$ cat structure16.cif   # mmCIF, C-alpha atoms
data_structure
loop_
_atom_site.label_atom_id
_atom_site.label_comp_id
_atom_site.auth_asym_id
_atom_site.auth_seq_id
_atom_site.Cartn_x
_atom_site.Cartn_y
_atom_site.Cartn_z
CA MET A 9 194.59 75.32 113.18
CA LYS A 10 195.83 78.48 111.63
CA ALA A 11 198.38 77.92 108.99
CA SER A 12 201.19 80.37 108.71
CA PHE A 13 204.25 79.70 106.69
CA GLU A 14 207.67 81.04 107.21
CA SER A 15 208.32 83.82 104.82
CA THR A 16 210.86 83.08 102.21
CA ALA A 17 211.78 86.72 102.58
CA ALA A 18 211.86 86.96 98.85
CA VAL A 19 212.56 90.34 97.39
CA LEU A 20 210.40 90.97 94.42
CA GLU A 21 211.11 94.58 93.79
CA PRO A 22 214.39 96.41 93.60
CA PRO A 23 215.26 98.65 96.52
CA ARG A 24 214.13 102.21 96.10
CA GLN A 25 215.07 105.47 97.68
CA LEU A 26 212.64 107.04 100.09
CA ALA A 27 210.58 109.86 98.74
CA GLY A 28 211.23 113.11 100.52
CA ALA A 29 207.64 113.47 101.58
CA GLU A 30 207.85 110.33 103.68
CA THR A 31 210.21 111.93 106.14
CA ALA A 32 208.61 115.36 106.20
CA GLY A 33 207.59 116.84 109.49
CA VAL A 34 208.92 118.49 112.59
CA THR A 35 210.69 116.24 115.04
CA GLY A 36 210.44 116.28 118.78
CA LYS A 37 207.17 118.13 119.09
CA VAL A 38 205.86 116.29 122.12
CA LEU A 39 207.55 114.18 124.72
CA ALA A 40 205.12 111.77 126.22
CA GLU A 41 205.77 108.73 128.31
CA PRO A 42 203.63 105.63 128.17
CA ALA A 43 201.13 105.02 130.87
CA MET A 44 202.44 101.63 131.93
CA ALA A 45 205.37 100.91 134.21
CA ALA A 46 208.72 99.77 132.92
CA ALA A 47 209.71 96.13 133.17
CA VAL A 48 211.36 96.39 136.57
CA ALA A 49 210.19 98.87 139.13
CA PRO A 50 212.81 100.90 140.97
CA GLY A 51 213.98 99.41 144.25
CA ALA A 52 213.66 100.99 147.64
CA GLY A 53 217.21 102.23 147.63
CA GLY A 54 220.44 100.97 149.09
CA ALA A 55 223.88 100.23 147.76
CA ALA A 56 224.09 98.61 144.35
CA LYS A 57 226.04 95.36 144.26
CA PHE A 58 226.79 95.74 140.58
CA GLN A 59 228.20 98.73 138.79
CA ASP A 60 228.72 99.67 135.18
CA GLY A 61 232.36 99.79 134.20
CA GLY A 62 231.48 101.24 130.81
CA GLY A 63 232.79 98.37 128.69
CA PRO A 64 230.84 96.78 125.85
CA VAL A 65 227.50 95.08 126.44
CA ILE A 66 225.35 93.05 124.05
CA GLU A 67 222.25 95.18 123.87
CA ILE A 68 220.11 92.88 121.73
CA GLY A 69 221.86 89.55 121.56
CA LYS A 70 221.83 87.57 118.33
CA LEU A 71 222.15 84.12 119.78
CA GLN A 72 223.94 81.56 117.62
CA LEU A 73 223.12 78.28 119.34
CA ILE A 74 225.58 75.54 118.46
CA PHE A 75 225.48 71.84 119.27
CA TRP A 76 228.97 70.40 118.90
CA GLY A 77 229.72 66.74 118.24
CA ASN A 78 228.30 63.72 116.48
CA GLN A 79 226.48 62.60 119.61
CA TRP A 80 223.80 65.14 118.70
CA THR A 81 222.97 63.22 115.51
CA SER A 82 223.38 59.71 116.90
CA ILE A 83 220.66 57.08 116.67
CA PRO A 84 218.94 56.72 119.05
CA PRO A 85 219.12 60.45 119.69
CA PRO A 86 220.56 61.80 122.91
CA SER A 87 218.47 63.13 125.73
CA PRO A 88 217.86 65.98 125.63
CA THR A 89 217.86 66.35 121.88
CA SER A 90 219.09 69.49 120.19
CA SER A 91 215.49 70.21 119.20
CA GLN A 92 214.35 70.03 122.80
CA VAL A 93 217.09 72.40 123.90
CA THR A 94 216.35 74.77 121.04
CA GLY A 95 212.65 74.74 121.84
CA ASN A 96 213.34 75.63 125.45
CA VAL A 97 215.72 78.39 124.42
CA LEU A 98 213.13 79.88 122.07
CA THR A 99 210.60 79.89 124.90
CA MET A 100 213.12 81.46 127.24
CA LEU A 101 213.99 84.23 124.80
CA ALA A 102 210.37 84.99 123.93
CA GLY A 103 209.36 85.28 127.57
CA PRO A 104 210.12 87.76 130.33
CA TYR A 105 213.35 86.22 131.61
CA MET A 106 215.69 88.84 130.17
CA THR A 107 213.44 91.85 130.76
CA GLY A 108 215.10 92.52 134.11
CA LEU A 109 218.27 93.46 132.25
CA ALA A 110 216.64 96.75 131.25
CA GLN A 111 218.08 98.25 134.44
CA TYR A 112 221.57 97.54 133.15
CA ARG A 113 222.13 99.99 130.31
CA GLN A 114 218.69 99.15 128.92
CA ILE A 115 219.74 95.76 127.64
CA GLY A 116 216.86 93.98 125.92
CA ARG A 117 215.90 90.43 125.15
CA ALA A 118 218.12 88.42 122.86
CA TYR A 119 216.73 86.40 119.98
CA LEU A 120 217.68 83.15 118.34
CA ALA A 121 219.48 84.15 115.16
CA GLY A 122 220.67 80.66 114.23
CA GLN A 123 220.79 77.04 115.39
CA TYR A 124 223.53 74.67 114.23
CA VAL A 125 224.28 71.02 114.81
CA ILE A 126 227.90 70.51 113.83
CA ASN A 127 228.90 66.86 113.81
CA THR A 128 231.95 67.07 111.56
CA SER A 129 234.16 67.28 114.64
CA ASN A 130 233.94 66.39 118.28
CA PRO A 131 234.99 68.44 121.26
CA PRO A 132 238.07 67.15 123.07
CA ASN A 133 237.35 65.64 126.44
CA PRO A 134 238.32 67.48 128.52
CA PHE A 135 238.16 70.70 126.55
CA THR A 136 239.46 74.21 127.14
CA ASP A 137 238.25 77.70 126.29
CA ASN A 138 240.80 77.73 123.49
CA ASP A 139 239.35 74.54 122.03
CA VAL A 140 235.93 76.20 121.82
CA ALA A 141 237.36 79.44 120.43
CA ASN A 142 239.28 77.54 117.76
CA PHE A 143 236.19 75.53 116.87
CA ILE A 144 234.06 78.67 116.42
CA SER A 145 236.80 80.45 114.49
CA ASN A 146 237.23 77.47 112.19
CA GLU A 147 233.49 77.14 111.53
CA ILE A 148 233.25 80.88 110.82
CA SER A 149 236.14 80.70 108.39
CA HIS A 150 234.44 77.78 106.58
CA GLY A 151 231.15 79.64 106.35
CA VAL A 152 229.28 77.24 108.61
CA LEU A 153 228.75 79.87 111.27
CA PRO A 154 228.08 83.53 110.56
CA GLY A 155 230.97 85.84 111.26
CA VAL A 156 230.97 88.97 113.32
CA ASP A 157 227.96 91.13 112.51
CA PHE A 158 228.05 94.87 111.87
CA ALA A 159 226.94 95.74 115.40
CA ASN A 160 228.89 92.89 117.04
CA GLN A 161 225.77 91.54 118.74
CA ASN A 162 226.42 87.90 117.88
CA LEU A 163 226.74 85.59 120.85
CA TYR A 164 227.95 82.06 120.12
CA LEU A 165 226.84 79.56 122.77
CA VAL A 166 228.16 76.03 122.32
CA VAL A 167 226.29 73.14 123.94
CA MET A 168 228.44 70.09 124.64
CA PRO A 169 227.46 66.45 124.34
CA VAL A 170 226.75 64.44 127.47
CA GLY A 171 229.92 63.34 129.22
CA VAL A 172 232.23 65.97 127.75
CA ASN A 173 233.71 68.14 130.45
CA ASN A 174 235.86 71.20 130.84
CA GLN A 175 239.47 70.89 131.82
CA ASN A 176 238.71 72.82 134.97
CA SER A 177 237.00 70.26 137.12
CA GLY A 178 233.65 71.48 138.34
CA PHE A 179 233.15 74.16 135.69
CA ILE A 180 229.83 73.55 133.95
CA GLY A 181 229.54 76.72 131.89
CA GLU A 182 231.54 79.76 130.99
CA HIS A 183 231.52 82.77 128.71
CA THR A 184 234.40 84.82 127.41
CA TYR A 185 235.69 86.20 124.09
CA TYR A 186 238.54 85.89 121.66
CA THR A 187 239.95 88.40 119.22
CA ASP A 188 239.90 87.46 115.56
CA SER A 189 242.48 88.35 112.93
CA GLN A 190 240.63 91.59 112.12
CA GLY A 191 240.65 92.67 115.73
CA ASN A 192 236.98 91.88 116.37
CA ARG A 193 236.09 90.52 119.75
CA ILE A 194 234.03 87.36 119.31
CA HIS A 195 231.77 86.71 122.29
CA PHE A 196 231.13 83.09 123.08
CA GLY A 197 230.30 80.64 125.82
CA TRP A 198 229.97 76.93 126.41
CA ILE A 199 227.58 74.80 128.41
CA THR A 200 228.22 71.26 129.56
CA ASN A 201 225.45 68.72 129.50
CA SER A 202 224.55 66.28 132.25
CA GLY A 203 221.68 64.87 130.22
CA ASN A 204 219.15 66.86 132.22
CA LEU A 205 217.30 69.47 130.17
CA GLY A 206 216.47 71.70 133.11
CA ALA A 207 220.05 71.72 134.35
CA LEU A 208 221.25 72.57 130.88
CA THR A 209 218.86 75.50 130.35
CA SER A 210 219.70 76.78 133.83
CA VAL A 211 223.38 77.02 132.97
CA LEU A 212 222.63 78.38 129.53
CA SER A 213 220.42 81.12 130.98
CA HIS A 214 223.20 82.06 133.39
CA GLU A 215 225.75 82.40 130.60
CA LEU A 216 223.25 84.25 128.42
CA VAL A 217 222.50 87.07 130.86
CA GLU A 218 226.11 87.36 131.91
CA SER A 219 227.31 87.48 128.31
CA CYS A 220 224.87 90.28 127.49
CA THR A 221 225.68 92.38 130.55
CA ASP A 222 229.41 91.74 130.62
CA PRO A 223 230.79 90.07 127.50
CA GLU A 224 234.35 91.21 128.10
CA GLY A 225 234.60 91.58 131.86
CA SER A 226 234.43 95.36 131.73
CA ALA A 227 230.73 96.29 131.94
CA ILE A 228 228.26 95.19 134.63
CA THR A 229 230.42 93.72 137.37
CA GLY A 230 230.23 93.37 141.11
CA VAL A 231 231.63 95.92 143.51
CA SER A 232 234.46 94.74 145.70
CA GLY A 233 233.40 91.94 147.99
CA THR A 234 230.30 90.95 145.99
CA CYS A 235 231.58 87.61 144.75
CA SER A 236 233.56 85.01 146.55
CA GLN A 237 234.89 83.12 143.55
CA GLY A 238 237.66 84.15 141.19
CA GLY A 239 237.25 85.49 137.67
CA TRP A 240 234.74 88.08 136.48
CA CYS A 241 232.13 88.85 139.13
CA GLU A 242 228.82 89.05 137.29
CA ILE A 243 225.10 89.18 137.94
CA GLY A 244 224.66 85.42 137.79
CA ASP A 245 227.50 84.71 140.17
CA VAL A 246 225.63 85.60 143.34
CA CYS A 247 222.41 83.81 142.42
CA TYR A 248 222.41 80.06 142.09
CA SER A 249 218.75 79.27 142.59
CA ASN A 250 216.50 78.31 139.72
CA SER A 251 213.04 79.30 138.67
CA VAL A 252 210.69 77.94 136.03
CA ILE A 253 209.25 80.41 133.50
CA ASP A 254 206.82 79.17 130.86
CA GLY A 255 207.96 75.62 131.62
CA VAL A 256 211.66 76.35 131.15
CA THR A 257 214.18 76.17 133.97
CA VAL A 258 216.24 79.34 134.29
CA GLN A 259 218.71 80.61 136.82
CA LYS A 260 218.03 83.82 138.69
CA TYR A 261 220.33 86.81 138.37
CA TYR A 262 221.03 89.78 140.57
CA SER A 263 218.93 92.91 140.25
CA ASN A 264 220.22 96.11 141.78
CA ALA A 265 216.72 97.55 141.46
CA ASP A 266 215.22 94.73 143.50
CA GLN A 267 218.26 94.24 145.72
CA GLY A 268 218.00 90.54 145.23
CA CYS A 269 217.97 87.67 142.79
CA ILE A 270 215.21 87.69 140.22
CA ALA A 271 213.72 85.61 137.45
CA PRO A 272 211.27 88.19 136.05
CA VAL A 273 207.73 87.29 135.16
CA TYR A 274 205.29 89.50 133.33
CA PRO A 275 202.70 91.28 135.45
CA ALA A 276 199.19 89.90 135.08
CA LEU A 277 197.51 92.07 132.47
CA GLN A 278 194.40 91.67 130.39
CA PHE A 279 194.95 92.47 126.73
CA PRO A 280 194.16 94.50 124.75
CA ILE A 281 195.01 97.60 126.76
CA HIS A 282 193.57 100.75 125.26
CA GLY A 283 194.44 104.35 126.02
CA ILE A 284 194.96 107.87 124.74
CA GLN A 285 198.63 108.71 124.66
CA PHE A 286 198.47 112.35 123.66
CA ARG A 287 196.28 115.02 122.11
CA GLY A 288 197.13 117.84 119.76
CA THR A 289 195.92 120.25 117.14
CA LEU A 290 197.15 120.64 113.60
CA ALA A 291 196.98 123.88 111.66
CA PRO A 292 195.40 123.75 108.20
CA ASN A 293 197.29 121.36 105.91
CA GLN A 294 199.99 120.90 108.51
CA THR A 295 202.07 117.75 108.93
CA GLN A 296 203.88 117.19 112.17
CA LEU A 297 205.87 114.45 113.86
CA TRP A 298 205.29 113.44 117.48
CA PHE A 299 207.17 110.87 119.50
CA THR A 300 206.46 108.87 122.62
CA PHE A 301 209.20 106.89 124.28
CA ASN A 302 210.11 104.19 126.82
CA TRP A 303 207.65 101.63 125.54
CA PRO A 304 208.82 98.13 126.47
CA GLU A 305 209.96 96.41 123.32
CA TYR A 306 207.97 93.29 124.13
CA TYR A 307 204.60 94.98 123.66
CA PHE A 308 202.80 94.71 120.37
CA VAL A 309 201.31 98.17 119.99
CA GLN A 310 198.89 99.53 117.42
CA TRP A 311 198.19 103.21 116.93
CA GLN A 312 195.21 105.10 115.66
CA VAL A 313 194.80 108.87 115.35
CA ASN A 314 191.23 110.10 115.60
CA PRO A 315 190.09 113.66 114.83
CA THR A 316 188.09 115.24 117.63
CA THR A 317 187.10 118.29 115.59
CA PRO A 318 183.91 117.55 113.65
CA GLY A 319 184.33 117.72 109.90
CA ALA A 320 183.13 116.50 106.54
CA GLY A 321 185.41 114.26 104.49
CA ALA A 322 188.79 112.87 105.39
CA GLN A 323 190.58 115.00 108.00
CA ILE A 324 193.60 113.11 109.28
CA SER A 325 196.12 110.64 107.95
CA TYR A 326 199.17 109.32 109.77
CA ARG A 327 202.17 107.05 109.59
CA VAL A 328 203.79 105.20 112.45
CA LYS A 329 207.59 105.04 112.56
CA VAL A 330 209.59 103.00 115.00
CA GLU A 331 212.89 103.73 116.70
CA ARG A 332 214.79 101.25 118.84
CA PRO A 333 216.94 103.56 120.96
CA SER A 334 217.99 100.74 123.26
CA GLY A 335 217.58 97.03 123.70
CA ALA A 336 214.71 97.32 126.13
CA TYR A 337 212.63 100.17 124.78
CA ILE A 338 210.90 101.49 121.70
CA THR A 339 210.11 105.05 120.70
CA TYR A 340 207.08 105.51 118.46
CA TRP A 341 207.02 108.42 116.06
CA LEU A 342 203.65 109.44 114.66
CA GLU A 343 203.65 111.59 111.57
CA ILE A 344 200.22 113.16 111.50
CA GLN A 345 198.83 115.11 108.59
CA ASN A 346 195.89 117.49 108.49
CA LEU A 347 194.18 116.90 105.15
CA THR A 348 191.92 119.93 105.44
CA ASN A 349 192.22 123.69 105.27
CA GLN A 350 190.82 124.02 108.80
CA PRO A 351 192.50 123.40 112.18
CA VAL A 352 191.88 119.85 113.38
CA ALA A 353 192.25 118.57 116.93
CA PHE A 354 193.03 114.89 117.41
CA GLU A 355 193.75 112.11 119.87
CA ALA A 356 196.48 109.49 119.47
CA HIS A 357 195.13 106.17 120.69
CA TYR A 358 197.21 103.11 121.47
CA ASP A 359 196.16 99.50 121.78
CA ILE A 360 198.60 97.05 123.33
CA LEU A 361 197.48 93.82 121.73
CA SER A 362 199.83 91.37 123.39
CA ARG A 363 203.38 90.71 124.52
CA MET B 17 201.00 86.48 122.23
CA TYR B 18 202.48 87.81 119.04
CA GLY B 19 204.84 85.95 116.72
CA VAL B 20 207.86 86.87 114.64
CA GLN B 21 207.30 85.97 111.00
CA PHE B 22 210.67 86.88 109.58
CA ARG B 23 213.85 88.78 110.26
CA GLY B 24 216.06 90.76 107.94
CA THR B 25 218.61 93.49 107.48
CA LEU B 26 218.23 96.79 105.70
CA GLN B 27 221.10 98.77 104.25
CA PRO B 28 221.25 102.56 104.79
CA ASN B 29 218.18 104.28 103.31
CA GLN B 30 217.07 101.04 101.70
CA SER B 31 213.47 100.03 101.07
CA GLN B 32 212.67 96.45 100.34
CA ARG B 33 209.59 94.34 99.86
CA TRP B 34 208.93 91.01 101.57
CA PHE B 35 205.98 88.68 101.27
CA THR B 36 204.55 85.98 103.46
CA TYR B 37 201.85 83.68 102.17
CA ASN B 38 199.15 81.11 102.99
CA TRP B 39 197.55 83.12 105.76
CA PRO B 40 193.92 82.15 106.33
CA SER B 41 191.59 84.77 104.89
CA THR B 42 189.29 84.36 107.87
CA ASN B 43 191.87 85.81 110.25
CA ASP B 44 192.64 89.49 110.61
CA VAL B 45 196.32 90.11 111.23
CA SER B 46 198.12 93.15 112.52
CA TRP B 47 201.78 93.76 111.61
CA MET B 48 204.58 95.62 113.34
CA VAL B 49 208.20 96.04 112.27
CA VAL B 50 210.73 96.49 115.06
CA PRO B 51 214.46 97.17 114.68
CA THR B 52 216.67 94.71 116.53
CA THR B 53 219.72 96.87 116.28
CA ALA B 54 219.67 99.60 118.89
CA GLN B 55 220.43 103.14 117.87
CA ALA B 56 219.05 106.33 119.39
CA GLY B 57 218.23 109.62 117.78
CA SER B 58 215.56 109.31 115.10
CA PRO B 59 212.93 106.96 113.72
CA HIS B 60 214.45 103.87 112.14
CA VAL B 61 211.73 102.22 110.22
CA ASP B 62 208.25 102.31 108.86
CA PHE B 63 206.45 100.06 106.44
CA ASP B 64 203.61 99.82 103.96
CA LEU B 65 201.32 96.84 103.97
CA ALA B 66 199.62 95.45 100.88
CA ILE B 67 197.36 92.40 100.74
CA GLU B 68 196.84 89.86 97.98
CA ARG B 69 193.92 87.43 97.92
CA ALA B 70 195.96 84.50 96.67
CA SER B 71 193.17 81.91 96.75
CA ASN B 72 189.64 81.43 98.05
CA ASN B 73 190.96 80.76 101.53
CA THR B 74 194.31 82.43 101.79
CA VAL B 75 195.94 85.81 101.59
CA THR B 76 199.49 86.94 101.04
CA TYR B 77 200.84 89.91 102.95
CA TRP B 78 203.38 92.18 101.29
CA LEU B 79 205.45 94.37 103.55
CA THR B 80 207.53 97.16 102.06
CA ILE B 81 209.93 98.12 104.81
CA HIS B 82 211.83 101.40 104.75
CA ASN B 83 215.09 102.20 106.48
CA LEU B 84 214.71 105.85 107.40
CA THR B 85 218.30 106.23 108.51
CA GLY B 86 221.77 106.30 107.05
CA ASP B 87 222.76 103.23 109.05
CA LYS B 88 222.34 99.53 108.47
CA PHE B 89 220.14 97.70 110.96
CA ASP B 90 218.44 94.39 111.64
CA PHE B 91 214.70 94.12 112.14
CA GLU B 92 211.96 91.64 112.85
CA ALA B 93 208.43 91.58 111.43
CA ARG B 94 205.94 90.73 114.14
CA TYR B 95 202.34 89.65 113.63
CA ASN B 96 199.37 89.49 115.95
CA TYR B 97 196.06 87.82 115.22
CA LEU B 98 193.11 90.07 115.88
CA ASN B 99 190.48 87.33 115.86
#
$ encode --input "structure16.cif" --output "structure tokens"
Amino acid sequence: MKASFESTAAVLEPPRQLAGAETAGVTGKVLAEPAMAAAVAPGAGGAAKFQDGGGPVIEIGKLQLIFWGNQWTSIPPPSPTSSQVTGNVLTMLAGPYMTGLAQYRQIGRAYLAGQYVINTSNPPNPFTDNDVANFISNEISHGVLPGVDFANQNLYLVVMPVGVNNQNSGFIGEHTYYTDSQGNRIHFGWITNSGNLGALTSVLSHELVESCTDPEGSAITGVSGTCSQGGWCEIGDVCYSNSVIDGVTVQKYYSNADQGCIAPVYPALQFPIHGIQFRGTLAPNQTQLWFTFNWPEYYFVQWQVNPTTPGAGAQISYRVKVERPSGAYITYWLEIQNLTNQPVAFEAHYDILSR
Amino acid sequence: MYGVQFRGTLQPNQSQRWFTYNWPSTNDVSWMVVPTTAQAGSPHVDFDLAIERASNNTVTYWLTIHNLTGDKFDFEARYNYLN
């Protein structure tokens, strides 16, 4: 068994300013797209059921997963336990489930930023949206939960104990927002708990994708007539069938590109995948910056620049820089330096090691 | 499948050094640092990797991560075993 320990993220050296040479180069020399397809292929056409109203989205969600109530720490423990739910959520976030959101303003996968079991209070039964908002606000003000982050990508999802229900009979999950005293919009949701892990993760997945695509009811919403129920019409509201991805039950969501409900899975690929992304030539002693874009963020990619001009001694050195222009995609910037006083041709190789 | 070893935040133009320890010396590991705050327009981040042989059987990886922009962002450090 390979041992790897969580970094303590200790900082041993004081921050330093970048040296000017590290950012030298000419930007935008070559535009080159990756060889592989994007996460979701374009559909065959037809009217989109969902449109972008231009409101805020959560591009890379920082999920704050919260278990509310002392039932979560009772002995014997409840079923499912908070650890079981958290484990399933981690699997869900690490997998392909959210990759279909790339079609909606290039939203990417969320990640689990924090997990909290808060047993110092219990949710009222029944509870309201305001009860949950007040609970989150109170825990933020006491430093138990992190407050709004600089990019406002935090999403607070509260999982209820078994038997605690919403005031609106039949509602099993919801997402919305409240506005704090500084005017920040705090995006949150709640999930009720029947005691069935699969049912819980199904509802949680529904609220997760809807929160990211439409946290305030003003972004990705259905065109007139798409939904039959009241409230915000969102991509999960027309898809109520489940799928199992990597052993975790998730709910499908609507894809305009596929004109149907999807629970994305990764295409079958054999890793590593090797290729030549671009070729170029550097003048004597020249340093230049190339970029290549639209690489799915879930690929682990290594780069190597090989000279193709024969020479004696070291010819090429390079640095790889990473840009995250959107939730779903990465742009790689390769700063390539000719170490010689002769022109040198080269190839930029990529190896996709995994996802 | 790769893993995420740690996450952090860099202030504008900040460089900072992290370490992660007790990695088996028999395994080769590749590292990648990816911003988790989206922002278009220029490269966000690069990093320098240094390796310490901490014991007969283990190594410590030191990642010096550079924010190349004038904006704060979050990032994650991903690793992938090569063998």
$ closest_residue --input "structure16.cif" --among "B:Ala56, B:Val49, B:Leu26, B:Val75" --to "chain A" --atoms "all atoms listed in the file"
B:Ala56
$ resolve_selection --input "structure16.cif" --expression "the PyMOL selection byres ((chain B and resi 77-84) around 6)" --output "count of residues only"
18
$ residues_around --input "structure16.cif" --residues "segment 195-206 of chain A" --least-positions-apart "4" --cutoff "7 Å" --atoms "only C-alpha atoms" --output "PyMOL selection string"
chain A and resi 87-88+93+163-173+180-186+210-212+215+223+256-257
$ closest_residue --input "structure16.cif" --among "B:Thr25, B:Gly19, B:Asp44, B:Pro51" --to "chain A" --atoms "all atoms listed in the file"
B:Pro51
$ closest_residue --input "structure16.cif" --among "A:Ala159, A:Val140, A:Cys235, A:Ala291" --to "chain B" --atoms "all atoms listed in the file"
A:Ala159
$ residues_around --input "structure16.cif" --residues "Ser58 of chain B" --least-positions-apart "4" --cutoff "9 Å" --atoms "all atoms listed in the file" --output "VMD selection string"
(chain A and resid 35 330 to 333 339 341) or (chain B and resid 84 to 85)
$ atom_distance --input "structure16.cif" --atom1 "atom CA of Ala118 of chain A" --atom2 "atom CA of Thr209 of chain A"
15.0 Å
$ closest_residue --input "structure16.cif" --among "B:Thr74, B:Arg69, B:Gln27, B:Asn99" --to "Trp39 of chain B" --atoms "all atoms listed in the file"
B:Thr74
$ residues_around --input "structure16.cif" --residues "Phe158 of chain A" --least-positions-apart "3" --cutoff "12 Å" --atoms "all atoms listed in the file" --output "list in words"
Lys70, Pro154, Gly155, Gln161, Asn162 and Asn192 of chain A; Thr25, Leu26, Gln27, Thr53, Ala54, Asp87, Lys88, Phe89 and Asp90 of chain B
